[in-house]
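Everything below belongs to start.txt, which stores compact mmCIF, C-alpha atoms and all ligand atoms.
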# COMPACT_ATOMS: atom_id res chain seq x y z
CA MET A 1 24.11 22.67 19.14
CA LYS A 2 21.82 19.72 18.39
CA ILE A 3 22.13 18.01 15.03
CA LEU A 4 19.98 15.30 13.48
CA VAL A 5 21.80 13.00 11.04
CA THR A 6 19.66 10.93 8.66
CA GLY A 7 21.37 7.91 7.12
CA ALA A 8 23.37 7.65 10.34
CA THR A 9 23.18 3.87 10.16
CA GLY A 10 24.82 3.92 6.70
CA PHE A 11 28.45 4.11 5.55
CA LEU A 12 28.89 7.89 5.45
CA GLY A 13 26.43 8.57 8.26
CA LYS A 14 28.51 6.78 10.88
CA TYR A 15 31.52 8.95 10.05
CA VAL A 16 29.37 12.07 10.22
CA VAL A 17 28.13 11.10 13.68
CA GLU A 18 31.75 10.60 14.78
CA GLU A 19 33.00 13.87 13.25
CA LEU A 20 30.20 15.89 14.87
CA LYS A 21 30.53 14.16 18.22
CA GLU A 22 34.27 14.84 18.29
CA ALA A 23 33.61 18.50 17.52
CA GLY A 24 31.38 18.72 20.59
CA TYR A 25 27.91 18.62 19.04
CA GLU A 26 24.93 16.74 20.46
CA VAL A 27 23.99 14.26 17.76
CA THR A 28 20.74 12.46 17.12
CA ALA A 29 21.32 9.57 14.74
CA PHE A 30 18.28 8.64 12.64
CA GLY A 31 17.77 5.45 10.66
CA ARG A 32 15.66 2.34 10.34
CA ASN A 33 18.23 -0.21 11.47
CA GLN A 34 17.70 -0.56 15.22
CA LEU A 35 20.75 -2.80 15.74
CA ILE A 36 23.24 -0.41 14.12
CA GLY A 37 21.49 2.52 15.78
CA GLU A 38 21.99 1.03 19.20
CA GLN A 39 25.69 0.61 18.46
CA LEU A 40 25.94 4.30 17.57
CA ALA A 41 24.20 5.50 20.72
CA GLY A 42 26.36 6.56 23.63
CA ASP A 43 28.10 9.68 24.87
CA ALA A 44 26.55 12.69 23.10
CA VAL A 45 24.74 10.44 20.61
CA THR A 46 21.07 9.46 20.80
CA PHE A 47 19.48 7.09 18.31
CA ILE A 48 15.94 7.49 17.01
CA GLN A 49 14.58 4.74 14.83
CA GLY A 50 12.48 6.05 11.98
CA ASP A 51 11.69 6.20 8.30
CA PHE A 52 11.91 9.61 6.62
CA THR A 53 9.42 8.62 3.95
CA LYS A 54 6.92 8.94 6.84
CA LEU A 55 6.54 12.62 7.61
CA SER A 56 5.50 11.98 11.21
CA ASP A 57 8.74 10.08 11.94
CA ILE A 58 11.02 12.86 10.76
CA LEU A 59 8.84 15.59 12.30
CA THR A 60 9.14 13.96 15.71
CA ALA A 61 12.84 13.17 15.42
CA SER A 62 13.79 16.70 14.34
CA LYS A 63 11.89 18.52 17.10
CA GLY A 64 14.30 20.71 19.08
CA MET A 65 17.17 20.33 16.58
CA ASP A 66 19.32 23.25 15.43
CA ALA A 67 20.42 21.59 12.19
CA VAL A 68 19.87 18.51 10.05
CA VAL A 69 22.32 16.55 7.91
CA HIS A 70 20.28 14.62 5.36
CA ALA A 71 22.61 11.82 4.25
CA GLY A 72 20.00 9.06 4.10
CA ALA A 73 19.10 7.86 0.63
CA LEU A 74 18.51 4.93 -1.63
CA SER A 75 22.07 4.97 -2.92
CA THR A 76 22.43 2.41 -5.67
CA VAL A 77 22.56 2.42 -9.46
CA TRP A 78 19.60 0.16 -10.16
CA GLY A 79 16.06 -0.26 -8.87
CA LYS A 80 12.47 0.82 -9.35
CA TRP A 81 11.67 4.48 -9.98
CA GLU A 82 8.91 4.35 -7.31
CA ASP A 83 11.51 3.39 -4.68
CA PHE A 84 13.99 6.12 -5.70
CA TYR A 85 11.17 8.66 -5.86
CA GLN A 86 9.78 7.76 -2.44
CA THR A 87 13.13 7.66 -0.66
CA ASN A 88 15.16 10.35 -2.37
CA VAL A 89 12.51 12.85 -3.47
CA ILE A 90 9.57 12.44 -1.06
CA GLY A 91 12.05 11.72 1.74
CA THR A 92 13.84 15.02 1.06
CA GLU A 93 10.51 16.88 0.86
CA ASN A 94 9.63 15.45 4.28
CA VAL A 95 12.98 16.53 5.74
CA LEU A 96 12.42 20.05 4.36
CA GLU A 97 8.92 20.18 5.79
CA ALA A 98 10.19 19.00 9.17
CA CYS A 99 12.88 21.72 9.12
CA GLU A 100 10.22 24.33 8.36
CA THR A 101 7.73 23.12 10.98
CA ASN A 102 10.38 22.79 13.67
CA GLN A 103 12.06 26.07 12.66
CA ILE A 104 15.39 24.41 11.97
CA LYS A 105 17.54 26.86 10.08
CA ARG A 106 20.36 24.79 8.70
CA LEU A 107 20.14 21.75 6.44
CA VAL A 108 23.06 20.00 4.77
CA PHE A 109 21.88 17.76 1.96
CA ILE A 110 24.13 15.07 0.51
CA SER A 111 23.65 14.89 -3.22
CA SER A 112 25.96 13.21 -5.72
CA PRO A 113 28.30 14.16 -8.59
CA SER A 114 26.82 11.25 -10.52
CA ILE A 115 24.38 13.92 -11.75
CA TYR A 116 27.22 15.15 -14.05
CA ALA A 117 27.52 11.69 -15.68
CA ALA A 118 27.81 11.84 -19.47
CA ALA A 119 29.40 9.90 -22.30
CA LYS A 120 32.52 12.09 -22.45
CA ASP A 121 35.65 12.94 -20.49
CA GLN A 122 34.97 15.75 -18.04
CA LEU A 123 37.82 17.45 -16.23
CA GLN A 124 37.57 19.88 -13.30
CA VAL A 125 33.78 20.03 -13.48
CA LYS A 126 32.39 23.01 -11.60
CA GLU A 127 29.17 22.95 -9.57
CA ALA A 128 27.39 25.31 -11.98
CA GLU A 129 27.92 22.85 -14.84
CA ALA A 130 25.29 20.45 -13.47
CA PRO A 131 22.62 19.58 -16.03
CA LYS A 132 18.98 20.45 -15.33
CA THR A 133 17.96 16.86 -16.06
CA ASN A 134 19.86 13.61 -16.44
CA GLU A 135 17.95 10.36 -16.80
CA LEU A 136 20.89 7.99 -17.17
CA ASN A 137 19.51 6.12 -14.17
CA PHE A 138 16.81 6.61 -11.53
CA TYR A 139 19.32 7.39 -8.77
CA ILE A 140 20.68 10.35 -10.73
CA LYS A 141 17.21 11.53 -11.71
CA SER A 142 16.06 11.37 -8.08
CA LYS A 143 19.11 13.24 -6.76
CA LEU A 144 18.59 16.05 -9.28
CA LEU A 145 14.92 16.30 -8.30
CA ALA A 146 15.86 16.34 -4.60
CA GLU A 147 18.33 19.17 -5.25
CA GLN A 148 15.51 21.09 -6.95
CA ARG A 149 13.28 20.63 -3.91
CA ILE A 150 16.05 22.05 -1.71
CA HIS A 151 16.38 25.11 -3.98
CA GLU A 152 12.62 25.65 -3.98
CA LYS A 153 12.40 25.79 -0.16
CA LYS A 154 14.24 29.08 0.19
CA GLN A 155 13.19 29.65 3.82
CA ILE A 156 15.56 26.87 4.96
CA ASP A 157 19.27 27.73 5.00
CA SER A 158 20.50 24.76 3.01
CA VAL A 159 23.86 23.59 1.72
CA ILE A 160 24.20 20.90 -0.95
CA LEU A 161 27.31 18.71 -1.12
CA ARG A 162 28.27 16.49 -4.05
CA PRO A 163 30.98 14.15 -2.73
CA ARG A 164 32.64 11.90 -5.30
CA GLY A 165 33.27 8.13 -4.99
CA LEU A 166 33.46 7.59 -1.21
CA PHE A 167 35.77 4.93 0.12
CA GLY A 168 36.92 3.86 3.56
CA VAL A 169 36.45 1.22 6.22
CA GLY A 170 32.79 0.21 6.27
CA ASP A 171 32.24 0.85 2.55
CA THR A 172 29.83 -1.75 1.26
CA SER A 173 29.80 -0.71 -2.35
CA ILE A 174 32.77 0.60 -4.37
CA ILE A 175 35.89 -1.17 -3.04
CA PRO A 176 34.19 -4.44 -1.99
CA ARG A 177 32.68 -4.67 -5.48
CA LEU A 178 36.05 -4.15 -7.15
CA ILE A 179 37.71 -6.73 -4.92
CA LYS A 180 34.90 -9.20 -5.63
CA VAL A 181 34.93 -8.73 -9.38
CA ASN A 182 38.74 -9.01 -9.39
CA LYS A 183 38.51 -12.37 -7.63
CA LYS A 184 35.69 -13.62 -9.85
CA ILE A 185 36.62 -12.59 -13.38
CA GLY A 186 39.07 -9.70 -13.26
CA ILE A 187 38.45 -5.96 -13.40
CA PRO A 188 37.25 -4.64 -16.75
CA LEU A 189 39.45 -1.90 -18.16
CA PHE A 190 39.01 0.29 -21.19
CA ASP A 191 41.96 2.08 -22.82
CA GLY A 192 44.41 0.62 -20.28
CA GLY A 193 42.61 2.17 -17.29
CA GLN A 194 44.21 5.57 -17.85
CA GLN A 195 40.95 7.44 -17.16
CA LEU A 196 41.24 9.89 -14.29
CA VAL A 197 39.12 9.18 -11.24
CA ASP A 198 38.61 11.56 -8.35
CA VAL A 199 37.70 9.55 -5.27
CA THR A 200 37.21 10.76 -1.69
CA CYS A 201 38.08 9.35 1.71
CA VAL A 202 34.85 9.13 3.69
CA GLU A 203 36.55 10.95 6.59
CA ASN A 204 37.01 13.98 4.32
CA VAL A 205 33.34 14.01 3.38
CA ALA A 206 32.37 13.98 7.07
CA LEU A 207 34.72 16.93 7.59
CA ALA A 208 33.14 18.84 4.68
CA ILE A 209 29.70 18.23 6.19
CA ARG A 210 30.78 19.71 9.53
CA LEU A 211 32.28 22.73 7.76
CA SER A 212 29.01 23.19 5.84
CA LEU A 213 27.11 23.32 9.12
CA GLU A 214 29.49 25.92 10.51
CA SER A 215 30.00 28.25 7.54
CA GLU A 216 27.74 31.28 7.01
CA LYS A 217 29.03 31.67 3.45
CA ALA A 218 27.77 28.20 2.57
CA ILE A 219 24.06 29.04 2.87
CA GLY A 220 22.28 28.44 -0.44
CA GLU A 221 25.45 27.04 -2.03
CA THR A 222 26.44 23.74 -3.61
CA TYR A 223 29.91 22.21 -3.30
CA ASN A 224 31.79 19.40 -4.99
CA ILE A 225 33.86 17.39 -2.55
CA THR A 226 36.80 15.14 -3.48
CA ASN A 227 40.28 14.32 -2.20
CA ASP A 228 41.64 16.64 -4.89
CA GLU A 229 44.01 13.87 -5.99
CA PRO A 230 42.82 12.78 -9.46
CA ALA A 231 44.66 9.62 -10.54
CA PRO A 232 44.41 7.02 -13.32
CA PHE A 233 41.89 4.32 -12.40
CA LYS A 234 44.48 1.56 -12.90
CA ASP A 235 46.96 3.23 -10.51
CA ILE A 236 44.35 3.25 -7.73
CA LEU A 237 43.49 -0.39 -8.39
CA ASP A 238 47.16 -1.42 -8.44
CA GLN A 239 47.78 0.38 -5.15
CA LEU A 240 44.68 -1.07 -3.49
CA HIS A 241 45.45 -4.66 -4.47
CA GLN A 242 49.09 -4.33 -3.53
CA GLU A 243 48.08 -3.11 -0.06
CA ILE A 244 45.49 -5.86 0.52
CA GLY A 245 47.94 -8.46 -0.81
CA VAL A 246 45.71 -9.83 -3.57
CA PRO A 247 47.00 -10.09 -7.15
CA VAL A 248 45.02 -7.90 -9.52
CA ARG A 249 43.73 -9.18 -12.86
CA TYR A 250 42.49 -6.98 -15.64
CA LEU A 251 40.14 -7.70 -18.49
CA SER A 252 40.68 -5.64 -21.58
CA LEU A 253 37.26 -5.08 -23.11
CA SER A 254 35.76 -3.44 -26.15
CA TYR A 255 33.69 -0.45 -25.08
CA SER A 256 31.25 -0.60 -27.99
CA LEU A 257 30.60 -4.28 -27.37
CA MET A 258 30.08 -3.74 -23.63
CA TYR A 259 27.86 -0.74 -24.26
CA GLY A 260 25.62 -2.97 -26.38
CA VAL A 261 25.57 -5.59 -23.61
CA ALA A 262 24.70 -3.00 -20.93
CA SER A 263 21.92 -1.44 -23.02
CA THR A 264 20.39 -4.84 -23.71
CA LEU A 265 20.62 -5.91 -20.07
CA GLU A 266 18.98 -2.66 -18.94
CA LYS A 267 16.12 -3.18 -21.41
CA ILE A 268 15.55 -6.78 -20.30
CA TYR A 269 15.71 -5.88 -16.59
CA THR A 270 13.30 -2.99 -17.15
CA VAL A 271 10.76 -4.99 -19.15
CA PHE A 272 10.76 -7.82 -16.61
CA ARG A 273 10.98 -5.40 -13.66
CA ILE A 274 14.05 -7.16 -12.24
CA THR A 275 15.30 -5.16 -9.26
CA LYS A 276 18.66 -6.98 -8.96
CA GLU A 277 21.42 -4.87 -10.52
CA PRO A 278 22.54 -6.02 -14.00
CA LEU A 279 26.20 -7.06 -14.33
CA PHE A 280 26.82 -3.89 -16.32
CA THR A 281 24.80 -0.70 -16.63
CA LYS A 282 25.44 2.26 -18.92
CA TYR A 283 26.32 4.30 -15.83
CA THR A 284 28.99 1.83 -14.63
CA LEU A 285 30.43 1.74 -18.14
CA TYR A 286 30.67 5.54 -18.20
CA LEU A 287 32.54 5.35 -14.90
CA LEU A 288 35.01 2.87 -16.39
CA LYS A 289 35.39 4.55 -19.78
CA TYR A 290 35.50 8.29 -19.14
CA SER A 291 37.63 10.55 -16.98
CA GLN A 292 35.72 12.65 -14.51
CA THR A 293 37.42 15.04 -12.12
CA LEU A 294 35.76 17.79 -10.11
CA SER A 295 36.87 21.26 -9.20
CA ILE A 296 36.77 21.72 -5.43
CA GLU A 297 38.04 25.32 -5.53
CA LYS A 298 34.70 26.59 -4.24
CA ALA A 299 34.75 24.29 -1.20
CA LYS A 300 38.36 25.24 -0.50
CA ASN A 301 37.64 28.95 -0.72
CA GLU A 302 34.25 29.16 0.98
CA LEU A 303 34.25 26.25 3.43
CA ASN A 304 38.01 26.26 4.08
CA TYR A 305 37.84 22.59 3.14
CA GLN A 306 41.19 20.81 3.00
CA PRO A 307 41.17 17.00 2.87
CA LYS A 308 42.58 15.66 6.13
CA MET A 309 43.33 12.17 4.78
CA THR A 310 45.21 11.32 1.57
CA ILE A 311 44.18 8.54 -0.81
CA THR A 312 47.30 6.57 0.13
CA GLU A 313 46.41 6.83 3.84
CA GLY A 314 42.80 5.89 3.09
CA ILE A 315 43.86 2.83 1.08
CA LYS A 316 46.31 1.76 3.79
CA ASN A 317 43.58 2.05 6.46
CA TYR A 318 41.18 0.08 4.32
CA ALA A 319 43.78 -2.62 3.61
CA GLU A 320 44.70 -2.97 7.27
CA HIS A 321 41.05 -3.48 8.16
CA TYR A 322 40.59 -5.88 5.22
CA ARG A 323 43.57 -8.02 6.25
CA ASN A 324 42.38 -8.23 9.86
CA HIS A 325 38.78 -9.23 9.12
N1 LIG B 1 28.85 6.09 -1.34
C1 LIG B 1 29.18 6.97 -2.30
O1 LIG B 1 30.15 6.78 -3.04
C2 LIG B 1 28.37 8.24 -2.47
C3 LIG B 1 28.78 9.16 -3.43
C4 LIG B 1 28.07 10.34 -3.57
C5 LIG B 1 26.98 10.59 -2.77
N2 LIG B 1 26.58 9.67 -1.86
C6 LIG B 1 25.42 9.98 -1.01
O2 LIG B 1 25.84 9.98 0.33
C7 LIG B 1 24.79 9.56 1.17
C8 LIG B 1 25.24 8.39 2.03
O3 LIG B 1 25.61 7.32 1.18
P1 LIG B 1 26.16 5.94 1.77
O4 LIG B 1 27.17 5.44 0.83
O5 LIG B 1 26.51 6.11 3.20
O6 LIG B 1 24.86 5.03 1.61
P2 LIG B 1 24.32 3.88 2.55
O7 LIG B 1 25.43 3.19 3.26
O8 LIG B 1 23.39 3.08 1.72
O9 LIG B 1 23.49 4.68 3.65
C9 LIG B 1 22.27 5.28 3.37
C10 LIG B 1 21.41 5.14 4.61
O10 LIG B 1 20.16 5.79 4.36
C11 LIG B 1 19.23 5.21 5.21
N3 LIG B 1 17.88 5.25 4.66
C12 LIG B 1 17.49 4.91 3.41
N4 LIG B 1 16.16 5.05 3.30
C13 LIG B 1 15.72 5.48 4.50
C14 LIG B 1 14.45 5.80 5.00
N5 LIG B 1 13.35 5.71 4.24
N6 LIG B 1 14.34 6.22 6.28
C15 LIG B 1 15.43 6.28 7.08
N7 LIG B 1 16.68 6.00 6.65
C16 LIG B 1 16.81 5.59 5.38
C17 LIG B 1 19.60 3.76 5.38
O11 LIG B 1 19.41 3.49 6.74
P3 LIG B 1 18.89 2.07 7.30
O12 LIG B 1 19.91 1.09 6.87
O13 LIG B 1 18.86 2.27 8.77
O14 LIG B 1 17.58 1.82 6.68
C18 LIG B 1 21.07 3.70 4.96
O15 LIG B 1 21.88 3.23 6.01
C19 LIG B 1 23.62 9.23 0.26
O16 LIG B 1 22.79 10.35 0.17
C20 LIG B 1 24.28 8.99 -1.08
O17 LIG B 1 23.41 9.23 -2.14
C21 LIG B 1 27.25 8.49 -1.68
Re-express the file's structure as structure tokens.
Amino acid sequence: MKILVTGATGFLGKYVVEELKEAGYEVTAFGRNQLIGEQLAGDAVTFIQGDFTKLSDILTASKGMDAVVHAGALSTVWGKWEDFYQTNVIGTENVLEACETNQIKRLVFISSPSIYAAAKDQLQVKEAEAPKTNELNFYIKSKLLAEQRIHEKKQIDSVILRPRGLFGVGDTSIIPRLIKVNKKIGIPLFDGGQQLVDVTCVENVALAIRLSLESEKAIGETYNITNDEPAPFKDILDQLHQEIGVPVRYLSLSYSLMYGVASTLEKIYTVFRITKEPLFTKYTLYLLKYSQTLSIEKAKNELNYQPKMTITEGIKNYAEHYRNH
């Protein structure tokens, strides 16, 4: 079976390539970064350089494929709407059109549970609880629109995954940011950091993607994916910093004050069209202030998904890599 993986040059994509290769699939890795692509290429993996916002690139790359994993995206909390729209919405439309033209039956689309984001604690959120719209930031808005495009193209057998807070070796966003902010000023905490977070080892997300390609039941369905180990934010941070051997510092902040700061920063950055991410956004504050855990019962029951790596193992792996580099 031949599988095209978009976003293969990114954090998750590399693990997907590895998971599929190990399971015996022929993988075509797709991305713009030629250097990383060349490193991925080898036994059972071919690299095709391309940009999925260009229909011709994805049409050519997907010719002869049996399935596509669409993990490529503009995955960040700040930026211009035009960029999110082009990459995450038009890009997904192009992938769908390529699947249709090349008669590719199965598509696994990587969405995000950030679409559930709201100013309240949310425990054991189920897939069906997703809002129709959420304009907290452009990333969320674009992911919801991309999901809609997938639903509209009924002739493609698609599966949507919403994996929460990926971490692992190669992560360039969540853990490196926390380590950096800890070193610089300390990690901001609200209410003692007792909010529940529901993070996921990247290896487990790659597993869920493979299961989504293989399961007949999954067609037309959407699944939350986590490690199923909700824990207080502060406990995760304590464990991480203990493992990497760096003392952790916390900043106790007033939420209402910080919310005012974030709102003002967002307004200024929007008016002056500053693409650099503000120090705080409303979305990052929601992440720090409110509990959010997801129900993964559906993935367990229908995909037979069981996380293969625990959070403790994932943190230990990350720390070992961190100490040696
Ligand atoms: N990280 C998380 O915590 C998280 C959580 C939930 C969902 N997700 C979703 O999971 C997926 C993977 O995320 P990630 O963390 O691995 O992000 P990432 O490291 O930024 O990887 C995304 C990749 O997409 C590729 N890409 C972007 N625009 C492209 C284009 N126009 N044409 C071709 N390739 C393009 C980039 O490839 P090049 O570098 O080669 O350009 C990039 O390497 C995304 O869909 C993201 O929204 C991530």
Given all atoms listed in the file, how would the per-residue table for chain A near ligand LIG 1 (chain B) read, listing every residue at most 9 Å away with its closest atom pair and distance in Å to one decimal, sorted by chain and number, as a Markdown table?
| residue | atom | partner | partner_atom | distance |
| --- | --- | --- | --- | --- |
| A:Thr6 | CA | B:LIG1 | N7 | 6.1 |
| A:Gly7 | CA | B:LIG1 | O10 | 3.7 |
| A:Ala8 | CA | B:LIG1 | O15 | 6.4 |
| A:Thr9 | CA | B:LIG1 | O15 | 4.4 |
| A:Gly10 | CA | B:LIG1 | O15 | 3.1 |
| A:Phe11 | CA | B:LIG1 | O5 | 3.6 |
| A:Leu12 | CA | B:LIG1 | O5 | 3.7 |
| A:Gly13 | CA | B:LIG1 | O5 | 5.6 |
| A:Lys14 | CA | B:LIG1 | O5 | 8.0 |
| A:Tyr15 | CA | B:LIG1 | O5 | 8.9 |
| A:Phe30 | CA | B:LIG1 | C15 | 6.7 |
| A:Gly31 | CA | B:LIG1 | O13 | 3.9 |
| A:Arg32 | CA | B:LIG1 | O13 | 3.6 |
| A:Asn33 | CA | B:LIG1 | O13 | 3.7 |
| A:Gln34 | CA | B:LIG1 | O13 | 7.1 |
| A:Leu35 | CA | B:LIG1 | O13 | 8.8 |
| A:Ile36 | CA | B:LIG1 | O13 | 7.4 |
| A:Gly37 | CA | B:LIG1 | O13 | 7.5 |
| A:Gln49 | CA | B:LIG1 | O13 | 7.8 |
| A:Gly50 | CA | B:LIG1 | C15 | 5.7 |
| A:Asp51 | CA | B:LIG1 | N6 | 3.3 |
| A:Phe52 | CA | B:LIG1 | N6 | 4.2 |
| A:Thr53 | CA | B:LIG1 | N5 | 4.9 |
| A:Lys54 | CA | B:LIG1 | N5 | 7.7 |
| A:Asp57 | CA | B:LIG1 | N6 | 8.8 |
| A:Ile58 | CA | B:LIG1 | N6 | 8.7 |
| A:His70 | CA | B:LIG1 | O16 | 7.2 |
| A:Ala71 | CA | B:LIG1 | O16 | 4.3 |
| A:Gly72 | CA | B:LIG1 | O10 | 3.3 |
| A:Ala73 | CA | B:LIG1 | C12 | 4.4 |
| A:Leu74 | CA | B:LIG1 | C12 | 5.1 |
| A:Ser75 | CA | B:LIG1 | O17 | 4.5 |
| A:Thr76 | CA | B:LIG1 | O8 | 7.5 |
| A:Gln86 | CA | B:LIG1 | N5 | 7.8 |
| A:Thr87 | CA | B:LIG1 | N5 | 5.3 |
| A:Asn88 | CA | B:LIG1 | N4 | 7.8 |
| A:Gly91 | CA | B:LIG1 | N5 | 6.6 |
| A:Phe109 | CA | B:LIG1 | O16 | 7.7 |
| A:Ile110 | CA | B:LIG1 | O16 | 4.9 |
| A:Ser111 | CA | B:LIG1 | C5 | 5.5 |
| A:Ser112 | CA | B:LIG1 | C5 | 4.1 |
| A:Pro113 | CA | B:LIG1 | C4 | 6.3 |
| A:Ser114 | CA | B:LIG1 | C4 | 7.1 |
| A:Tyr139 | CA | B:LIG1 | O17 | 8.0 |
| A:Lys143 | CA | B:LIG1 | O17 | 7.5 |
| A:Leu161 | CA | B:LIG1 | C5 | 8.3 |
| A:Arg162 | CA | B:LIG1 | C4 | 6.2 |
| A:Pro163 | CA | B:LIG1 | C4 | 4.9 |
| A:Arg164 | CA | B:LIG1 | C3 | 5.1 |
| A:Gly165 | CA | B:LIG1 | O1 | 3.9 |
| A:Leu166 | CA | B:LIG1 | O1 | 3.9 |
| A:Phe167 | CA | B:LIG1 | O1 | 6.7 |
| A:Gly170 | CA | B:LIG1 | O7 | 8.5 |
| A:Asp171 | CA | B:LIG1 | O4 | 7.1 |
| A:Thr172 | CA | B:LIG1 | O7 | 6.9 |
| A:Ser173 | CA | B:LIG1 | N1 | 6.9 |
| A:Ile174 | CA | B:LIG1 | O1 | 6.8 |
| A:Val199 | CA | B:LIG1 | O1 | 8.3 |
| A:Thr200 | CA | B:LIG1 | O1 | 8.2 |
| A:Val202 | CA | B:LIG1 | N1 | 8.4 |
Give me, as an MDAnalysis selection string, all polymer residues having an atom no more than 6 Å from range 190-195 of chain A, counting only C-alpha atoms and skipping those fewer than 4 positions away in the same chain.
chainID A and resid 232:234 253 289:291
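Considering all atoms listed in the file, the residue among A:Asn182, A:Gln39, A:Asn204, A:Gln124 positioned nearest to Glu19 in chain A is A:Asn204.
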Top pick for closest residue to Glu127 in chain A, considering A:Ala319, A:Thr222, A:Val248, A:Val261 and counting all atoms listed in the file
A:Thr222
Which is closest to Val159 in chain A among A:Thr310, A:Ser212, A:Ser295, A:Gln103, if we use all atoms listed in the file?
A:Ser212
Could you tell me which of A:Ile219, A:Ile209, A:Leu144, A:Thr28 comes closest to Ala61 in chain A if we count all atoms listed in the file?
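The shortest atom-to-atom distance to Ala61 in chain A comes from A:Thr28.
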Taking 4 positions as the minimum chain separation for residues in the same chain, which residues sit within 10 Å of range 98-101 of chain A when counting all atoms listed in the file? Answer as a list in words.
Phe52, Leu55, Ser56, Asp57, Ile58, Leu59, Thr60, Ala61, Ser62, Lys63, Met65, Asp66, Ala67, Val68, Thr92, Glu93, Asn94, Lys105, Arg106, Leu107, Lys153, Gln155, Ile156 and Asp157 of chain A
Surrounding residues of Tyr116 in chain A excluding itself and chain neighbours under 4 positions, 9 Å, all atoms listed in the file, as a short mmCIF file (atom, residue, chain, number, x, y, z; two decimals) with C-alpha atoms, in the frame of the given file:
data_model
loop_
_atom_site.label_atom_id
_atom_site.label_comp_id
_atom_site.auth_asym_id
_atom_site.auth_seq_id
_atom_site.Cartn_x
_atom_site.Cartn_y
_atom_site.Cartn_z
CA SER A 112 25.96 13.21 -5.72
CA GLN A 122 34.97 15.75 -18.04
CA VAL A 125 33.78 20.03 -13.48
CA GLU A 129 27.92 22.85 -14.84
CA ALA A 130 25.29 20.45 -13.47
CA PRO A 131 22.62 19.58 -16.03
CA ASN A 134 19.86 13.61 -16.44
CA ILE A 140 20.68 10.35 -10.73
CA GLN A 292 35.72 12.65 -14.51
#
Just the number, please: distance in Å from CA of Leu20 in chain A to CA of Pro307 in chain A, one decimal.
16.3 Å
Measuring atom to atom with all atoms listed in the file, identify which of A:Ile296, A:Leu207, A:Leu213, A:Leu240 is nearest to Met309 in chain A.
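Closest residue, counting all atoms listed in the file: A:Leu207.
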For Lys183 in chain A: contacts at 12 Å, only C-alpha atoms, fewer than 3 positions along chain excluded, given as an NGL selection string:
:A and (176-180 or 186-187 or 241 or 246-251)
